[in-house]
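Have a look at model_5.cif below; it lists mmCIF, C-alpha atoms.
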```cif
data_data
loop_
_atom_site.label_atom_id
_atom_site.label_comp_id
_atom_site.auth_asym_id
_atom_site.auth_seq_id
_atom_site.Cartn_x
_atom_site.Cartn_y
_atom_site.Cartn_z
CA MET A 842 0.00 0.00 0.00
CA ILE A 843 1.31 3.44 -0.97
CA ALA A 844 -0.23 5.81 1.58
CA ARG A 845 1.71 9.03 0.99
CA ILE A 846 3.78 10.63 -1.76
CA SER A 847 6.22 13.48 -1.08
CA GLY A 848 8.41 15.10 -3.71
CA ILE A 849 8.72 17.80 -6.37
CA LEU A 850 5.70 18.70 -8.47
CA LEU A 851 6.68 18.32 -12.12
CA ASP A 852 3.30 18.87 -13.76
CA LYS A 853 -0.28 19.53 -12.70
CA GLN A 854 -3.59 19.28 -14.52
CA PRO A 855 -7.13 19.51 -13.06
CA ASN A 856 -7.38 15.73 -12.91
CA GLN A 857 -3.77 14.54 -12.62
CA VAL A 858 -0.38 15.57 -11.25
CA VAL A 859 3.14 14.21 -11.67
CA ILE A 860 5.41 14.17 -8.61
CA ASP A 861 9.11 13.32 -8.70
CA VAL A 862 10.29 11.30 -5.71
CA GLN A 863 14.09 11.01 -5.81
CA GLY A 864 14.16 10.46 -9.55
CA VAL A 865 10.99 8.36 -9.86
CA ALA A 866 8.01 10.27 -11.29
CA TYR A 867 4.55 9.19 -10.15
CA GLU A 868 1.37 9.99 -12.09
CA ILE A 869 -1.39 10.58 -9.55
CA ASP A 870 -5.06 11.18 -10.29
CA VAL A 871 -6.40 13.98 -8.09
CA SER A 872 -9.69 15.67 -7.28
CA PHE A 873 -10.17 19.28 -8.29
CA ASN A 874 -10.12 20.22 -4.60
CA SER A 875 -6.62 18.79 -4.27
CA PHE A 876 -5.50 20.33 -7.57
CA CYS A 877 -6.41 23.80 -6.27
CA GLN A 878 -4.23 23.32 -3.20
CA MET A 879 -1.14 22.08 -5.01
CA PRO A 880 1.92 24.37 -5.23
CA GLU A 881 3.28 25.79 -8.45
CA GLU A 882 5.25 23.40 -10.65
CA GLY A 883 8.72 22.91 -9.19
CA GLY A 884 7.48 23.24 -5.61
CA ALA A 885 7.45 20.64 -2.85
CA ALA A 886 4.24 18.60 -2.84
CA VAL A 887 2.70 16.05 -0.49
CA LEU A 888 -0.37 13.93 -1.20
CA HIS A 889 -2.15 11.26 0.82
CA THR A 890 -2.76 8.43 -1.60
CA HIS A 891 -4.98 5.45 -2.29
CA PHE A 892 -3.35 2.69 -4.33
CA VAL A 893 -5.45 0.53 -6.67
CA VAL A 894 -4.11 -2.61 -8.35
CA ARG A 895 -6.01 -4.05 -11.30
CA GLU A 896 -5.16 -6.74 -13.80
CA ASP A 897 -4.38 -4.15 -16.46
CA ALA A 898 -3.11 -1.21 -14.38
CA GLN A 899 -1.77 0.12 -11.09
CA LEU A 900 -3.36 3.46 -10.20
CA LEU A 901 -2.62 6.11 -7.60
CA PHE A 902 -5.28 8.53 -6.39
CA GLY A 903 -4.07 11.50 -4.38
CA PHE A 904 -5.65 13.88 -1.88
CA PHE A 905 -4.30 17.02 -0.27
CA GLU A 906 -6.32 16.36 2.89
CA LEU A 907 -6.74 13.13 4.85
CA GLU A 908 -10.43 13.87 5.34
CA GLU A 909 -11.02 13.91 1.59
CA ARG A 910 -9.26 10.57 1.17
CA SER A 911 -11.43 9.21 3.96
CA LEU A 912 -14.57 10.31 2.13
CA PHE A 913 -13.22 8.86 -1.13
CA ARG A 914 -12.78 5.48 0.55
CA ILE A 915 -16.36 5.61 1.81
CA LEU A 916 -17.60 6.49 -1.69
CA ILE A 917 -15.89 3.61 -3.47
CA LYS A 918 -17.55 1.11 -1.13
CA VAL A 919 -20.91 2.03 -2.65
CA ASN A 920 -22.07 -0.53 -5.20
CA GLY A 921 -21.33 0.73 -8.72
CA VAL A 922 -18.94 3.49 -7.63
CA GLY A 923 -15.34 2.81 -8.63
CA PRO A 924 -12.27 4.96 -7.94
CA LYS A 925 -12.65 7.01 -11.14
CA LEU A 926 -16.28 7.87 -10.41
CA GLY A 927 -15.48 8.53 -6.75
CA LEU A 928 -12.86 11.04 -7.82
CA ALA A 929 -15.27 12.58 -10.34
CA ILE A 930 -17.82 13.11 -7.56
CA LEU A 931 -15.26 14.87 -5.36
CA SER A 932 -14.19 16.99 -8.35
CA GLY A 933 -17.71 18.00 -9.31
CA MET A 934 -18.80 18.95 -5.79
CA ASP A 935 -16.87 19.82 -2.64
CA ALA A 936 -17.13 17.38 0.24
CA HIS A 937 -19.37 19.51 2.43
CA ALA A 938 -21.85 20.11 -0.41
CA PHE A 939 -21.87 16.39 -1.21
CA CYS A 940 -22.63 15.48 2.39
CA GLN A 941 -25.44 18.03 2.46
CA CYS A 942 -26.94 16.47 -0.68
CA VAL A 943 -26.87 13.03 0.94
CA LYS A 944 -28.31 14.37 4.18
CA ASN A 945 -31.11 16.18 2.32
CA GLN A 946 -31.65 13.22 -0.03
CA ASP A 947 -30.99 15.60 -2.92
CA SER A 948 -30.21 13.11 -5.68
CA ALA A 949 -31.16 15.70 -8.33
CA SER A 950 -28.03 17.74 -7.57
CA LEU A 951 -25.82 14.65 -7.66
CA VAL A 952 -27.05 13.77 -11.15
CA LYS A 953 -25.50 17.00 -12.44
CA ILE A 954 -22.02 15.57 -11.80
CA PRO A 955 -20.59 13.97 -14.99
CA GLY A 956 -20.82 10.18 -14.78
CA VAL A 957 -23.48 10.08 -12.06
CA GLY A 958 -26.79 8.77 -13.35
CA LYS A 959 -30.13 8.76 -11.59
CA LYS A 960 -29.77 5.24 -10.19
CA THR A 961 -26.24 5.91 -8.91
CA ALA A 962 -27.34 9.16 -7.28
CA GLU A 963 -30.22 7.43 -5.53
CA ARG A 964 -27.88 4.63 -4.41
CA LEU A 965 -25.44 7.17 -2.97
CA VAL A 966 -28.18 8.84 -0.96
CA LEU A 967 -29.56 5.50 0.23
CA GLU A 968 -26.28 3.81 1.19
CA LEU A 969 -24.32 6.76 2.58
CA GLY A 970 -26.86 8.35 4.91
CA ASP A 971 -25.71 6.50 8.02
CA LYS A 972 -22.03 6.25 7.04
CA LEU A 973 -21.60 9.99 6.53
CA SER A 974 -23.26 10.84 9.82
CA SER A 975 -20.19 9.48 11.61
CA TRP A 976 -17.68 10.99 9.22
CA GLN A 977 -15.66 13.63 11.04
CA SER A 978 -14.26 17.03 10.07
CA VAL A 979 -16.60 17.58 7.13
CA GLU A 980 -16.61 21.31 7.81
CA ASN A 981 -12.85 21.42 7.26
CA VAL A 982 -13.02 19.78 3.84
CA GLY A 983 -13.93 21.50 0.59
CA VAL A 984 -12.62 23.53 -2.27
CA LYS A 985 -10.33 26.27 -1.02
CA ALA A 986 -9.47 29.24 -3.17
CA SER A 987 -5.76 29.53 -3.72
CA SER A 988 -4.15 32.29 -1.73
CA GLY A 989 -1.30 34.24 -3.26
CA ASN A 990 0.15 34.05 -6.76
CA SER A 991 -3.26 34.87 -8.19
CA THR A 992 -3.26 35.37 -11.93
CA LEU A 993 -5.43 38.14 -13.34
CA PHE A 994 -8.11 36.96 -15.74
CA SER A 995 -7.01 36.62 -19.35
CA THR A 996 -8.09 34.85 -22.51
CA SER A 997 -5.62 32.13 -21.58
CA ALA A 998 -7.22 31.64 -18.16
CA LYS A 999 -10.64 31.42 -19.80
CA SER A 1000 -9.46 28.79 -22.28
CA GLU A 1001 -7.66 26.81 -19.59
CA ALA A 1002 -10.74 26.85 -17.36
CA GLU A 1003 -12.97 25.66 -20.21
CA SER A 1004 -10.51 22.89 -21.12
CA ALA A 1005 -10.30 21.82 -17.49
CA LEU A 1006 -14.08 21.48 -17.21
CA VAL A 1007 -14.18 19.38 -20.38
CA THR A 1008 -11.42 17.22 -18.89
CA LEU A 1009 -13.58 16.77 -15.79
CA GLY A 1010 -16.39 15.43 -17.96
CA TYR A 1011 -18.56 18.42 -18.80
CA LYS A 1012 -19.70 19.13 -22.37
CA PRO A 1013 -17.93 22.00 -24.21
CA VAL A 1014 -21.14 24.05 -24.37
CA GLN A 1015 -21.67 23.64 -20.63
CA ALA A 1016 -18.07 24.60 -19.94
CA THR A 1017 -18.19 27.75 -22.07
CA LYS A 1018 -21.43 28.92 -20.50
CA ALA A 1019 -20.29 28.18 -16.94
CA VAL A 1020 -16.92 29.93 -17.35
CA ALA A 1021 -18.60 33.00 -18.87
CA ALA A 1022 -20.83 33.26 -15.81
CA ALA A 1023 -17.82 32.76 -13.52
CA ILE A 1024 -15.95 35.60 -15.21
CA LYS A 1025 -18.84 37.95 -14.45
CA SER A 1026 -18.60 37.01 -10.77
CA SER A 1027 -14.81 37.16 -10.60
CA PRO A 1028 -13.31 39.08 -13.55
CA ASP A 1029 -9.85 39.13 -11.91
CA GLY A 1030 -9.90 35.52 -10.71
CA SER A 1031 -7.25 32.92 -11.46
CA CYS A 1032 -7.88 29.90 -13.65
CA GLU A 1033 -8.53 27.84 -10.51
CA ASP A 1034 -11.01 30.45 -9.27
CA LEU A 1035 -12.89 30.33 -12.56
CA ILE A 1036 -13.10 26.53 -12.48
CA ARG A 1037 -14.25 26.55 -8.86
CA LEU A 1038 -16.96 29.15 -9.53
CA SER A 1039 -18.04 27.33 -12.69
CA LEU A 1040 -18.49 24.07 -10.81
CA LYS A 1041 -20.46 25.85 -8.10
CA GLY A 1042 -22.65 27.53 -10.71
CA MET A 1043 -23.49 24.26 -12.42
CA MET A 1044 -24.75 22.79 -9.16
#
```
Show me, as C-alpha cells, the structure contained in the file I just sent.
Amino acid sequence: MIARISGILLDKQPNQVVIDVQGVAYEIDVSFNSFCQMPEEGGAAVLHTHFVVREDAQLLFGFFELEERSLFRILIKVNGVGPKLGLAILSGMDAHAFCQCVKNQDSASLVKIPGVGKKTAERLVLELGDKLSSWQSVENVGVKASSGNSTLFSTSAKSEAESALVTLGYKPVQATKAVAAAIKSSPDGSCEDLIRLSLKGMM
C-alpha cells in the first residue's frame, strides 16, 4: 500500500499531477479540490494516496487532505462506484456540499455531476446516509481558493478553465457557459477560481 507521496511537483492538470520522488516520477489522479491546493510546478508537494491494483493497471489517487481521502474510501464502497467515479464526484462537488446532498436526499443535484446517473445518485443517498453521519471534520473539507500568486483573468485563463471542465467530464457548451458566468462574478480571478466558480454555478 502506498499511503503518501512526497516530492517535487513536475506537472499539474485539473485531474492529474506528476510528482518526482528522488528520480521516480509518479502519475497521480487527483480531485479538483486537491489540484487547487497544489503548489506551483517545481514546488514541494505532499499527497495522501490510495493505491489501486487491477489486472491491467496500477493506479494512484491522491488527496491534499486526509479527510477527503477518507470520504473517497467511503464512496468507493458504494455498489457501482469505482475509484474514477469517486474522484469525479469529489471533483464536481466539494465534500461539504456532497454530504449536504446526501443528508437532504438531494439526488437531483448529484445527477449534475458527470458520470453520475439517476440510479447511482439514488444509491449514494440511500447507502451513505448512516455512514456519513459518523464521518468527522466535514466542515474542514472542501474547495479552497488559492491564496497568493493569483493570476489576473485573461483569454488564456478562460481557455484553460474551459478545457479543465471538459477534462472533468462536462460538455464544451456547458463549460463555455459556466466559465462565462464565472468571469462575471470574478473578472480578476485565477484559472482555478474560474473553475471553482463554474463548478459551483453548475450545481
>> Residues near range 944-946 of chain A, anyone? I mean within 12 Å using all atoms listed in the file, not counting same-chain ones fewer than 3 positions away, as a ChimeraX atom specification.
In response: /A:937-941,949-951,962-974
> Which one of A:Ala1016, A:Pro855, A:Phe902, A:Ile860 sits closest to Gly923 in chain A if you count all atoms listed in the file?
Replying inline: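 Checking each candidate against Gly923 in chain A, we get A:Phe902 as the closest.
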> Taking only C-alpha atoms into account, which of A:Asn920, A:Ser932, A:Thr961, A:Thr1008 comes nearest Lys1041 in chain A?
Replying inline: A:Ser932
>> Could you tell me, as a list of chain:residue names, exactly which residues end up selected when the PyMOL selection byres ((chain A and resi 900) around 12) is applied to this structure?
In response: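 Applying the PyMOL selection byres ((chain A and resi 900) around 12) to the structure shown produces A:Met842, A:Ile843, A:Gln857, A:Tyr867, A:Glu868, A:Ile869, A:Asp870, A:Val871, A:Thr890, A:His891, A:Phe892, A:Val893, A:Val894, A:Arg895, A:Glu896, A:Asp897, A:Ala898, A:Gln899, A:Leu901, A:Phe902, A:Gly903, A:Pro924, A:Lys925.
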> A:Val865, A:Val1020, A:Met1043, A:Ile954: which is nearest Ala929 in chain A, counting all atoms listed in the file?
Replying inline: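 Smallest separation from Ala929 in chain A among the options: A:Ile954.
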